[in-house]
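One file, model_15.cif, carrying mmCIF, C-alpha atoms:
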```cif
data_protein
loop_
_atom_site.label_atom_id
_atom_site.label_comp_id
_atom_site.auth_asym_id
_atom_site.auth_seq_id
_atom_site.Cartn_x
_atom_site.Cartn_y
_atom_site.Cartn_z
CA MET M 1 -33.42 71.90 164.74
CA LEU M 2 -30.79 70.39 162.46
CA THR M 3 -27.93 72.87 162.13
CA LYS M 4 -25.74 73.78 159.17
CA ARG M 5 -22.29 72.24 159.40
CA ILE M 6 -18.90 73.95 159.15
CA VAL M 7 -16.29 71.52 157.92
CA PRO M 8 -12.54 72.22 157.81
CA CYS M 9 -10.68 70.05 155.33
CA LEU M 10 -7.13 68.82 155.91
CA ASP M 11 -4.96 67.63 153.05
CA ILE M 12 -2.82 64.69 154.10
CA LYS M 13 0.33 63.37 152.49
CA ASN M 14 2.14 60.38 153.96
CA GLY M 15 0.32 60.83 157.25
CA ARG M 16 1.14 64.55 157.56
CA THR M 17 -0.82 67.68 156.78
CA VAL M 18 0.32 69.59 153.74
CA LYS M 19 -0.02 73.25 152.79
CA GLY M 20 1.41 75.86 155.09
CA ILE M 21 -0.75 75.91 158.13
CA ASN M 22 -0.63 79.07 160.15
CA PHE M 23 -1.25 77.94 163.67
CA VAL M 24 1.19 79.57 166.03
CA ASP M 25 -0.04 77.51 168.95
CA LEU M 26 0.62 74.28 167.13
CA ARG M 27 3.74 72.48 168.25
CA ASP M 28 3.90 70.52 165.06
CA ALA M 29 2.02 72.09 162.15
CA GLY M 30 2.32 68.86 160.20
CA ASP M 31 0.54 66.73 162.77
CA PRO M 32 -3.03 66.10 161.59
CA VAL M 33 -4.09 64.75 164.97
CA GLU M 34 -3.11 67.88 166.85
CA LEU M 35 -4.71 70.10 164.25
CA ALA M 36 -7.89 68.01 164.30
CA ALA M 37 -8.12 68.35 168.08
CA ILE M 38 -7.78 72.14 167.83
CA TYR M 39 -10.56 72.28 165.24
CA ALA M 40 -12.79 70.02 167.32
CA ALA M 41 -12.28 72.30 170.33
CA SER M 42 -12.91 75.44 168.29
CA GLY M 43 -16.40 74.37 167.24
CA ALA M 44 -15.90 72.61 163.90
CA ASP M 45 -18.87 70.31 163.32
CA GLU M 46 -17.01 67.71 161.34
CA LEU M 47 -13.62 67.22 159.68
CA VAL M 48 -12.57 65.92 156.30
CA PHE M 49 -9.17 64.33 155.74
CA LEU M 50 -8.22 64.18 152.11
CA ASP M 51 -5.29 61.87 151.46
CA ILE M 52 -3.17 62.88 148.49
CA SER M 53 -0.24 60.51 148.98
CA ALA M 54 0.68 58.20 146.19
CA THR M 55 2.98 55.67 147.84
CA GLU M 56 2.69 51.92 148.19
CA GLU M 57 2.35 52.36 151.93
CA ARG M 58 -0.49 54.82 151.69
CA ARG M 59 -3.24 52.50 152.82
CA LYS M 60 -1.47 51.45 155.98
CA THR M 61 -0.32 54.98 156.78
CA LEU M 62 -3.83 56.33 156.34
CA ALA M 63 -5.39 53.60 158.49
CA ASN M 64 -2.89 54.41 161.25
CA LEU M 65 -3.72 58.06 161.03
CA VAL M 66 -7.46 57.37 161.19
CA LEU M 67 -6.95 55.31 164.33
CA LYS M 68 -4.97 58.12 165.98
CA VAL M 69 -7.57 60.73 165.04
CA ALA M 70 -10.42 58.57 166.34
CA GLU M 71 -8.57 58.14 169.62
CA LYS M 72 -8.25 61.88 170.18
CA ILE M 73 -11.26 63.69 168.76
CA ASN M 74 -14.91 63.59 169.73
CA ILE M 75 -16.56 64.90 166.57
CA PRO M 76 -17.23 63.00 163.34
CA PHE M 77 -14.75 62.84 160.50
CA THR M 78 -14.69 61.74 156.88
CA VAL M 79 -11.74 60.26 155.03
CA GLY M 80 -11.23 60.53 151.31
CA GLY M 81 -8.58 60.17 148.64
CA GLY M 82 -7.72 57.13 146.59
CA ILE M 83 -10.45 54.90 148.02
CA SER M 84 -11.41 52.37 145.38
CA SER M 85 -12.73 49.20 146.97
CA VAL M 86 -15.01 47.74 149.62
CA GLU M 87 -11.89 46.55 151.41
CA ASP M 88 -10.41 50.08 151.53
CA VAL M 89 -13.58 51.37 153.13
CA ASP M 90 -13.80 48.48 155.58
CA ILE M 91 -10.29 49.22 156.90
CA LEU M 92 -10.99 52.93 157.36
CA LEU M 93 -14.33 52.41 159.10
CA GLN M 94 -12.88 49.73 161.35
CA ASN M 95 -10.15 52.13 162.39
CA GLY M 96 -12.70 54.72 163.43
CA ALA M 97 -13.62 56.87 160.41
CA ASP M 98 -17.30 57.86 160.47
CA LYS M 99 -17.66 58.35 156.75
CA VAL M 100 -15.62 57.84 153.63
CA SER M 101 -15.63 59.93 150.53
CA ILE M 102 -15.13 58.46 147.08
CA ASN M 103 -14.63 60.39 143.86
CA SER M 104 -12.83 59.05 140.75
CA SER M 105 -13.45 55.43 141.71
CA ALA M 106 -17.20 56.09 141.70
CA VAL M 107 -17.04 57.55 138.19
CA LYS M 108 -14.94 54.65 136.92
CA ASN M 109 -17.05 52.04 138.67
CA PRO M 110 -20.46 53.46 139.65
CA ASP M 111 -21.52 50.09 141.06
CA LEU M 112 -19.03 50.65 143.87
CA ILE M 113 -21.53 53.12 145.37
CA ASN M 114 -24.21 50.42 145.50
CA GLN M 115 -21.81 47.91 146.99
CA LEU M 116 -20.63 50.31 149.68
CA ALA M 117 -24.14 51.48 150.55
CA ALA M 118 -25.35 47.89 150.84
CA LYS M 119 -22.47 46.78 153.02
CA PHE M 120 -21.93 49.80 155.25
CA GLY M 121 -25.13 51.85 154.90
CA SER M 122 -25.71 55.04 152.93
CA GLN M 123 -25.03 57.18 155.99
CA CYS M 124 -21.28 56.62 155.79
CA ILE M 125 -20.85 57.00 152.02
CA THR M 126 -20.11 60.48 150.70
CA VAL M 127 -19.56 60.90 146.99
CA ALA M 128 -17.29 63.83 146.10
CA ILE M 129 -17.91 65.47 142.74
CA ASP M 130 -15.54 68.00 141.17
CA ALA M 131 -17.15 69.93 138.35
CA LYS M 132 -16.35 72.83 136.06
CA LEU M 133 -18.74 75.13 134.22
CA ILE M 134 -17.82 74.88 130.54
CA ASP M 135 -19.94 76.70 127.92
CA GLY M 136 -22.89 76.82 130.26
CA GLU M 137 -22.74 73.17 131.29
CA TRP M 138 -21.38 71.76 134.52
CA ILE M 139 -19.02 68.94 133.56
CA VAL M 140 -17.70 66.42 136.08
CA HIS M 141 -13.89 66.31 136.25
CA LEU M 142 -11.44 63.81 137.71
CA VAL M 143 -7.93 63.99 139.19
CA GLY M 144 -8.51 67.20 141.08
CA GLY M 145 -10.28 68.85 138.19
CA LYS M 146 -7.67 68.08 135.54
CA VAL M 147 -9.43 65.43 133.50
CA PRO M 148 -12.90 66.14 132.07
CA THR M 149 -15.49 63.36 131.80
CA LYS M 150 -18.63 63.25 129.70
CA LEU M 151 -20.82 63.43 132.76
CA ASN M 152 -23.12 66.31 133.53
CA LEU M 153 -22.98 67.32 137.19
CA PHE M 154 -26.72 67.12 137.85
CA ASP M 155 -27.21 63.83 136.01
CA TRP M 156 -24.29 62.28 137.83
CA ALA M 157 -25.44 63.63 141.20
CA LYS M 158 -28.90 62.13 140.66
CA GLU M 159 -27.37 58.78 139.72
CA VAL M 160 -25.12 58.88 142.76
CA GLU M 161 -28.15 59.48 144.99
CA GLU M 162 -30.09 56.64 143.38
CA ARG M 163 -27.15 54.29 143.84
CA GLY M 164 -27.24 54.92 147.56
CA ALA M 165 -24.83 57.72 148.45
CA GLY M 166 -25.73 59.34 151.75
CA GLU M 167 -24.40 62.76 150.86
CA ILE M 168 -22.62 64.72 148.12
CA LEU M 169 -19.54 66.87 148.46
CA PHE M 170 -19.63 69.23 145.50
CA THR M 171 -16.50 71.21 144.60
CA SER M 172 -16.74 73.84 141.91
CA MET M 173 -13.43 73.98 140.04
CA ASN M 174 -14.38 77.46 138.82
CA ASN M 175 -14.56 78.72 142.38
CA ASP M 176 -11.93 76.61 144.12
CA GLY M 177 -8.96 78.72 145.19
CA THR M 178 -10.54 82.00 144.07
CA LYS M 179 -11.86 83.08 147.49
CA ASN M 180 -14.76 84.67 145.61
CA GLY M 181 -17.50 82.58 147.16
CA PHE M 182 -19.16 79.22 146.53
CA ALA M 183 -20.97 78.20 143.31
CA ASN M 184 -24.37 79.02 144.79
CA GLU M 185 -26.55 78.56 141.73
CA ALA M 186 -25.29 75.05 141.06
CA LEU M 187 -25.49 74.26 144.78
CA ALA M 188 -29.11 75.40 144.99
CA LYS M 189 -30.00 73.31 141.97
CA LEU M 190 -28.36 70.22 143.50
CA SER M 191 -30.01 70.83 146.83
CA THR M 192 -33.44 71.22 145.26
CA GLU M 193 -33.21 68.30 142.84
CA LEU M 194 -31.74 65.83 145.31
CA ASN M 195 -33.00 64.63 148.66
CA ILE M 196 -29.65 63.94 150.33
CA PRO M 197 -27.43 66.50 152.08
CA ILE M 198 -25.07 68.62 149.96
CA ILE M 199 -21.70 69.88 151.21
CA ALA M 200 -20.50 73.04 149.45
CA SER M 201 -16.81 73.26 148.63
CA GLY M 202 -14.56 75.64 146.74
CA GLY M 203 -14.39 79.40 146.94
CA ALA M 204 -14.69 80.36 150.61
CA GLY M 205 -13.00 83.70 151.18
CA ASN M 206 -15.03 85.49 153.83
CA MET M 207 -17.88 84.94 156.26
CA GLN M 208 -20.52 86.29 153.88
CA HIS M 209 -19.63 83.50 151.46
CA PHE M 210 -20.76 80.93 154.03
CA THR M 211 -24.05 82.75 154.62
CA ASP M 212 -24.58 82.80 150.85
CA ALA M 213 -23.81 79.09 150.50
CA PHE M 214 -26.48 78.28 153.10
CA VAL M 215 -29.11 80.84 152.06
CA LYS M 216 -28.67 81.16 148.29
CA GLY M 217 -26.95 77.82 147.74
CA LYS M 218 -29.25 75.93 150.18
CA ALA M 219 -26.23 73.85 151.19
CA ASP M 220 -26.40 71.63 154.27
CA ALA M 221 -22.73 72.02 155.11
CA ALA M 222 -19.81 74.13 153.92
CA LEU M 223 -16.25 72.95 153.61
CA ALA M 224 -13.13 75.09 153.47
CA ALA M 225 -9.42 74.73 154.01
CA SER M 226 -7.15 77.76 153.76
CA VAL M 227 -9.44 80.34 155.39
CA PHE M 228 -9.40 78.17 158.49
CA HIS M 229 -5.79 76.99 158.31
CA PHE M 230 -4.50 80.56 157.93
CA LYS M 231 -6.88 81.80 160.60
CA GLU M 232 -8.47 84.27 158.23
CA ILE M 233 -11.75 83.10 159.68
CA GLU M 234 -12.22 81.77 163.21
CA ILE M 235 -14.92 79.13 163.35
CA LYS M 236 -16.49 80.64 166.46
CA ASP M 237 -16.74 84.10 164.84
CA LEU M 238 -18.13 82.53 161.69
CA LYS M 239 -20.85 80.69 163.59
CA GLU M 240 -21.82 83.80 165.54
CA GLU M 241 -22.12 85.68 162.26
CA LEU M 242 -24.21 82.89 160.72
CA ARG M 243 -26.52 82.84 163.72
CA LYS M 244 -26.92 86.64 163.44
CA ASN M 245 -28.02 86.02 159.87
CA GLY M 246 -30.71 83.63 161.01
CA ILE M 247 -28.89 80.41 160.14
CA ALA M 248 -29.10 77.53 162.64
CA VAL M 249 -25.64 76.59 163.87
CA ARG M 250 -24.23 74.71 166.84
CA LEU M 251 -22.67 77.24 169.20
CA MET K 24 -16.01 48.51 186.40
CA LYS K 25 -16.37 46.02 183.59
CA ILE K 26 -17.74 47.52 180.40
CA VAL K 27 -18.58 45.33 177.43
CA ILE K 28 -19.31 46.57 173.92
CA ILE K 29 -21.32 43.93 172.11
CA ASP K 30 -19.36 42.84 169.08
CA TYR K 31 -21.51 41.35 166.35
CA GLY K 32 -19.67 42.68 163.34
CA ALA K 33 -21.66 45.88 163.02
CA GLY K 34 -19.94 49.10 162.17
CA ASN K 35 -17.67 51.54 163.86
CA ILE K 36 -17.07 50.44 167.43
CA GLN K 37 -13.54 51.79 167.67
CA SER K 38 -14.85 55.30 168.35
CA ILE K 39 -17.00 54.12 171.28
CA LYS K 40 -14.02 52.30 172.74
CA PHE K 41 -11.90 55.41 172.45
CA ALA K 42 -14.58 57.66 173.95
CA ILE K 43 -14.79 55.38 176.99
CA LYS K 44 -11.01 55.44 177.23
CA ARG K 45 -11.05 59.26 177.23
CA LEU K 46 -13.36 59.00 180.26
CA GLY K 47 -10.76 56.90 182.04
CA PHE K 48 -12.30 53.43 181.56
CA GLU K 49 -11.52 50.42 179.42
CA ALA K 50 -14.16 48.63 177.43
CA VAL K 51 -13.83 45.17 175.94
CA LEU K 52 -15.46 43.95 172.77
CA SER K 53 -17.26 40.66 173.18
CA ASN K 54 -19.83 38.39 171.61
CA ASN K 55 -19.54 35.89 174.44
CA GLU K 56 -22.75 35.37 176.40
CA ALA K 57 -21.08 34.76 179.77
CA GLU K 58 -18.79 37.75 179.40
CA ILE K 59 -21.66 40.04 178.38
CA LYS K 60 -23.81 38.83 181.27
CA ALA K 61 -21.01 39.41 183.76
CA ALA K 62 -20.42 43.03 182.72
CA ASP K 63 -21.43 46.00 184.89
CA LYS K 64 -22.42 48.02 181.84
CA VAL K 65 -23.22 46.87 178.32
CA ILE K 66 -23.08 49.00 175.20
CA PHE K 67 -24.98 47.84 172.14
CA PRO K 68 -23.65 49.70 169.10
CA GLY K 69 -24.79 49.57 165.52
CA VAL K 70 -24.17 51.27 162.24
CA GLY K 71 -25.49 50.10 158.91
CA GLU K 72 -28.60 48.34 157.75
CA ALA K 73 -31.19 46.95 160.18
CA SER K 74 -32.13 43.60 158.61
CA SER K 75 -28.52 42.53 158.06
CA ALA K 76 -27.63 43.63 161.59
CA MET K 77 -30.53 41.54 162.93
CA ARG K 78 -29.30 38.61 160.88
CA MET K 79 -25.86 38.91 162.44
CA LEU K 80 -27.41 39.08 165.92
CA ARG K 81 -29.46 35.95 165.27
CA GLN K 82 -26.46 34.07 163.89
CA SER K 83 -24.56 34.69 167.10
CA LYS K 84 -27.72 34.06 169.21
CA LEU K 85 -27.20 37.47 170.78
CA ASP K 86 -30.81 38.34 169.90
CA LEU K 87 -31.81 35.95 172.72
CA VAL K 88 -29.19 37.19 175.16
CA ILE K 89 -29.66 40.97 174.99
CA PRO K 90 -33.33 41.12 176.15
CA THR K 91 -32.45 39.04 179.24
CA LEU K 92 -29.71 41.37 180.49
CA LYS K 93 -30.20 42.86 183.95
CA GLN K 94 -27.45 45.50 184.09
CA PRO K 95 -27.71 48.94 182.41
CA VAL K 96 -27.60 48.51 178.62
CA LEU K 97 -27.12 51.41 176.22
CA GLY K 98 -28.11 51.00 172.58
CA ILE K 99 -26.55 53.55 170.26
CA CYS K 100 -28.00 54.63 166.89
CA LEU K 101 -28.95 51.43 165.04
CA GLY K 102 -28.42 49.65 168.36
CA MET K 103 -31.32 51.63 169.81
CA GLN K 104 -33.46 50.93 166.74
CA LEU K 105 -32.77 47.20 166.98
CA MET K 106 -34.06 47.25 170.57
CA CYS K 107 -37.45 48.32 169.16
CA GLY K 108 -40.13 46.28 167.42
CA LYS K 109 -41.27 46.43 163.82
CA ASN K 110 -38.70 48.08 161.59
CA GLU K 111 -39.40 49.48 158.13
CA GLU K 112 -35.77 49.09 157.13
CA GLY K 113 -35.47 45.75 155.36
CA ASN K 114 -38.93 44.94 156.81
CA THR K 115 -37.42 43.33 159.85
CA THR K 116 -38.40 42.91 163.50
CA GLY K 117 -36.12 44.04 166.29
CA LEU K 118 -35.58 42.70 169.78
CA GLY K 119 -38.88 44.13 171.05
CA ILE K 120 -37.47 45.62 174.25
CA PHE K 121 -39.17 48.89 173.36
CA ASP K 122 -42.65 48.60 171.87
CA ALA K 123 -42.28 51.46 169.43
CA PRO K 124 -41.85 50.82 165.70
CA VAL K 125 -39.00 52.19 163.55
CA ILE K 126 -40.20 54.35 160.66
CA LYS K 127 -38.50 55.99 157.67
CA PHE K 128 -38.35 59.79 157.49
CA ASN K 129 -40.64 61.03 154.74
CA ASN K 130 -39.39 63.03 151.79
CA SER K 131 -40.29 66.43 153.23
CA VAL K 132 -36.78 66.36 154.73
CA LYS K 133 -33.43 65.26 153.36
CA VAL K 134 -32.70 61.63 154.16
CA PRO K 135 -30.44 60.66 155.88
CA GLN K 136 -30.46 63.32 158.53
CA ILE K 137 -26.77 64.07 158.97
CA GLY K 138 -25.44 66.53 161.49
CA TRP K 139 -26.04 68.23 164.80
CA ASN K 140 -29.56 68.54 166.13
CA GLN K 141 -30.97 69.49 169.53
CA ILE K 142 -32.44 67.28 172.23
CA SER K 143 -35.25 68.38 174.51
CA GLY K 144 -37.74 67.11 177.06
CA LEU K 145 -34.82 65.45 178.82
CA ARG K 146 -36.07 63.19 181.58
CA SER K 147 -33.56 60.68 182.86
CA PRO K 148 -30.38 60.56 184.96
CA LEU K 149 -28.75 59.76 181.62
CA PHE K 150 -28.96 63.51 180.97
CA LYS K 151 -27.56 64.72 184.29
CA ASP K 152 -25.77 68.07 183.73
CA ILE K 153 -26.99 68.22 180.13
CA LYS K 154 -28.96 71.34 179.28
CA GLU K 155 -32.22 71.42 177.33
CA LEU K 156 -31.63 71.92 173.59
CA GLU K 157 -28.07 70.61 173.78
CA TYR K 158 -26.58 69.65 170.41
CA VAL K 159 -25.80 66.05 169.55
CA TYR K 160 -24.56 64.36 166.38
CA LEU K 161 -26.96 62.17 164.42
CA VAL K 162 -26.81 60.16 161.22
CA HIS K 163 -29.95 58.21 160.39
CA SER K 164 -32.71 57.61 157.86
CA TYR K 165 -35.20 55.92 160.20
CA TYR K 166 -36.63 57.15 163.48
CA VAL K 167 -38.63 55.99 166.48
CA ALA K 168 -41.85 57.92 167.08
CA GLU K 169 -42.62 59.45 170.46
CA CYS K 170 -43.90 56.87 172.93
CA ASP K 171 -44.20 56.10 176.65
CA GLU K 172 -40.55 55.12 176.73
CA THR K 173 -39.29 58.41 175.29
CA ILE K 174 -36.80 60.27 177.49
CA ALA K 175 -35.67 62.86 174.91
CA THR K 176 -37.00 64.15 171.63
CA SER K 177 -35.64 65.96 168.58
CA GLU K 178 -37.32 67.49 165.56
CA TYR K 179 -36.64 66.71 161.94
CA GLY K 180 -39.81 67.15 159.95
CA VAL K 181 -41.48 65.30 162.83
CA LYS K 182 -40.89 65.27 166.56
CA TYR K 183 -39.40 61.89 167.38
CA SER K 184 -37.61 59.92 170.12
CA THR K 185 -33.89 60.64 170.35
CA ALA K 186 -33.63 58.60 173.53
CA LEU K 187 -35.63 55.78 175.12
CA LYS K 188 -35.65 54.02 178.47
CA LYS K 189 -37.36 50.95 179.84
CA ASP K 190 -36.19 49.28 183.06
CA ASN K 191 -32.44 48.78 182.67
CA PHE K 192 -32.46 49.44 178.92
CA TYR K 193 -31.49 52.80 177.45
CA GLY K 194 -31.28 53.80 173.82
CA VAL K 195 -29.92 56.91 172.13
CA GLN K 196 -30.42 57.71 168.47
CA PHE K 197 -27.45 60.09 168.46
CA HIS K 198 -23.78 59.18 168.72
CA PRO K 199 -22.55 60.20 172.18
CA GLU K 200 -19.02 59.19 171.18
CA LYS K 201 -19.15 61.81 168.40
CA SER K 202 -21.16 64.49 170.17
CA SER K 203 -18.27 66.48 171.60
CA ASN K 204 -18.23 67.25 175.33
CA ALA K 205 -21.99 66.81 175.77
CA GLY K 206 -21.76 63.32 174.32
CA GLU K 207 -18.94 62.39 176.65
CA GLN K 208 -20.98 63.65 179.61
CA ILE K 209 -23.91 61.43 178.55
CA LEU K 210 -21.63 58.42 178.26
CA LYS K 211 -20.18 59.23 181.67
CA ASN K 212 -23.70 59.47 183.09
CA PHE K 213 -24.48 56.05 181.68
CA LEU K 214 -21.35 54.55 183.21
CA GLU K 215 -22.34 56.07 186.57
CA LEU K 216 -25.89 54.65 186.56
#
```
When written as structure tokens, how does the structure in this file appear?
Amino acid sequence: MLTKRIVPCLDIKNGRTVKGINFVDLRDAGDPVELAAIYAASGADELVFLDISATEERRKTLANLVLKVAEKINIPFTVGGGISSVEDVDILLQNGADKVSINSSAVKNPDLINQLAAKFGSQCITVAIDAKLIDGEWIVHLVGGKVPTKLNLFDWAKEVEERGAGEILFTSMNNDGTKNGFANEALAKLSTELNIPIIASGGAGNMQHFTDAFVKGKADAALAASVFHFKEIEIKDLKEELRKNGIAVRL
Amino acid sequence: MKIVIIDYGAGNIQSIKFAIKRLGFEAVLSNNEAEIKAADKVIFPGVGEASSAMRMLRQSKLDLVIPTLKQPVLGICLGMQLMCGKNEEGNTTGLGIFDAPVIKFNNSVKVPQIGWNQISGLRSPLFKDIKELEYVYLVHSYYVAECDETIATSEYGVKYSTALKKDNFYGVQFHPEKSSNAGEQILKNFLEL
């Protein structure tokens, strides 16, 4: 049976992890490769690296990092952040990334999704969508939720699927950082209306939130950062809890 | 031991190379007929779209070389599918090593299947020390139905072949190089065949 995926997300700046990461057993808390290996060993199903650097060198630095991660870890990983061309994706996949995630560049140039799907296959193209509930409507936002667009979440998600995305990573800006749980209603609607996997993101605070994202939100995977980085939730405990709740997980 | 990964411009082969390195071996990438034929083990990778992958194989004439190989050959993911016959993706025809056709998942399940699923009915030395219902990582929209050549199955809406074997040819739908310790064990088993 296909299992639900637990996906830790690492923010990367200039090849290093950012945000305080509370791993006492880590020799170098800023080393994404070491952190990735710990997550892989602790039962994470997949990893996401989100690059937030803004330097000229970013592309080369990121490609180097991807190569080092691929050398060390034996679970799949996705790379996102600032990817805007077929060439960007080609470099990352050639260096060992399994999937790439595109966000703003897809909104600005939707045809990029078609191009990427045609060249590399839908299975390695994740489209990330950040959205905020404003006056009862989910509006797609760019630049980490700062800039609103005119796009409705569900319309855009449907278009993204039709253009060939293999999966959607949906972050609710209303829930992100609150630790009050995922946006389960919107997730369930996405999951029902679309026929590609949906990754839930934004709002994880406790283990119940993950159960809710899978049961109420019908998500296929759930992504979180701080609850894992600060060891508020151990992945093994989380999976045992999910299994107790009747959710299929890899243990 | 000489291990060759067939290089025909398809997808992520870096990860396979690294996985073999973690097992203590070196693999070389090659599209050279003589070099491929001289290898002890051949890995046939593949990620992407079937008809364009077949086109690349034909361009390099590797479509004629692969079926003639005598040493153990392991097709991974699209590699396995290309070793089959009729393929619904891009309406193409594969190498015909396995008779079974390649079919698209129907819409009762989300397509592509992405994630960790279980393998069962394991019947091959390829799965030495692998337990029934072990988890492996899969990403695919098309599948091979159960057939005489099936050596492992998984379920996703339908029960289908997650591994095939015929003579010296092996195929796995999952990614052993991404399937954690179980995947590395399967790769090791292949290298020890």
Residue nearest Ala205 (chain K) among K:Val181, K:Ile59, K:Met77, K:Ala42 (counting only C-alpha atoms)
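That would be K:Ala42, the residue with the smallest distance to Ala205 (chain K).
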Report as a PyMOL selection string the residues that result from applying the PyMOL selection byres ((chain M) within 8 of (chain K)) to the structure here.
chain M and resi 1-5+40+45+70-72+74-76+93-98+118-123+166+195-197+250
Evaluate the PyMOL selection byres ((chain M and resi 128) around 9) against this structure - the residues, as an MDAnalysis selection string, please.
chainID M and resid 80 101:104 106 126:127 129:130 167:171
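For the pair CA of Gln208 (chain K) and CA of Ile43 (chain K), the separation is 10.7 Å.
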Ground truth for the PyMOL selection byres ((chain M and resi 232) around 12), written as a list in words:
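Selection result, ordered by chain and number: Ile21, Asn22, Phe23, Lys179, Ala204, Gly205, Asn206, Met207, Ala224, Ala225, Ser226, Val227, Phe228, His229, Phe230, Lys231, Ile233, Glu234, Ile235, Asp237 and Leu238 of chain M.
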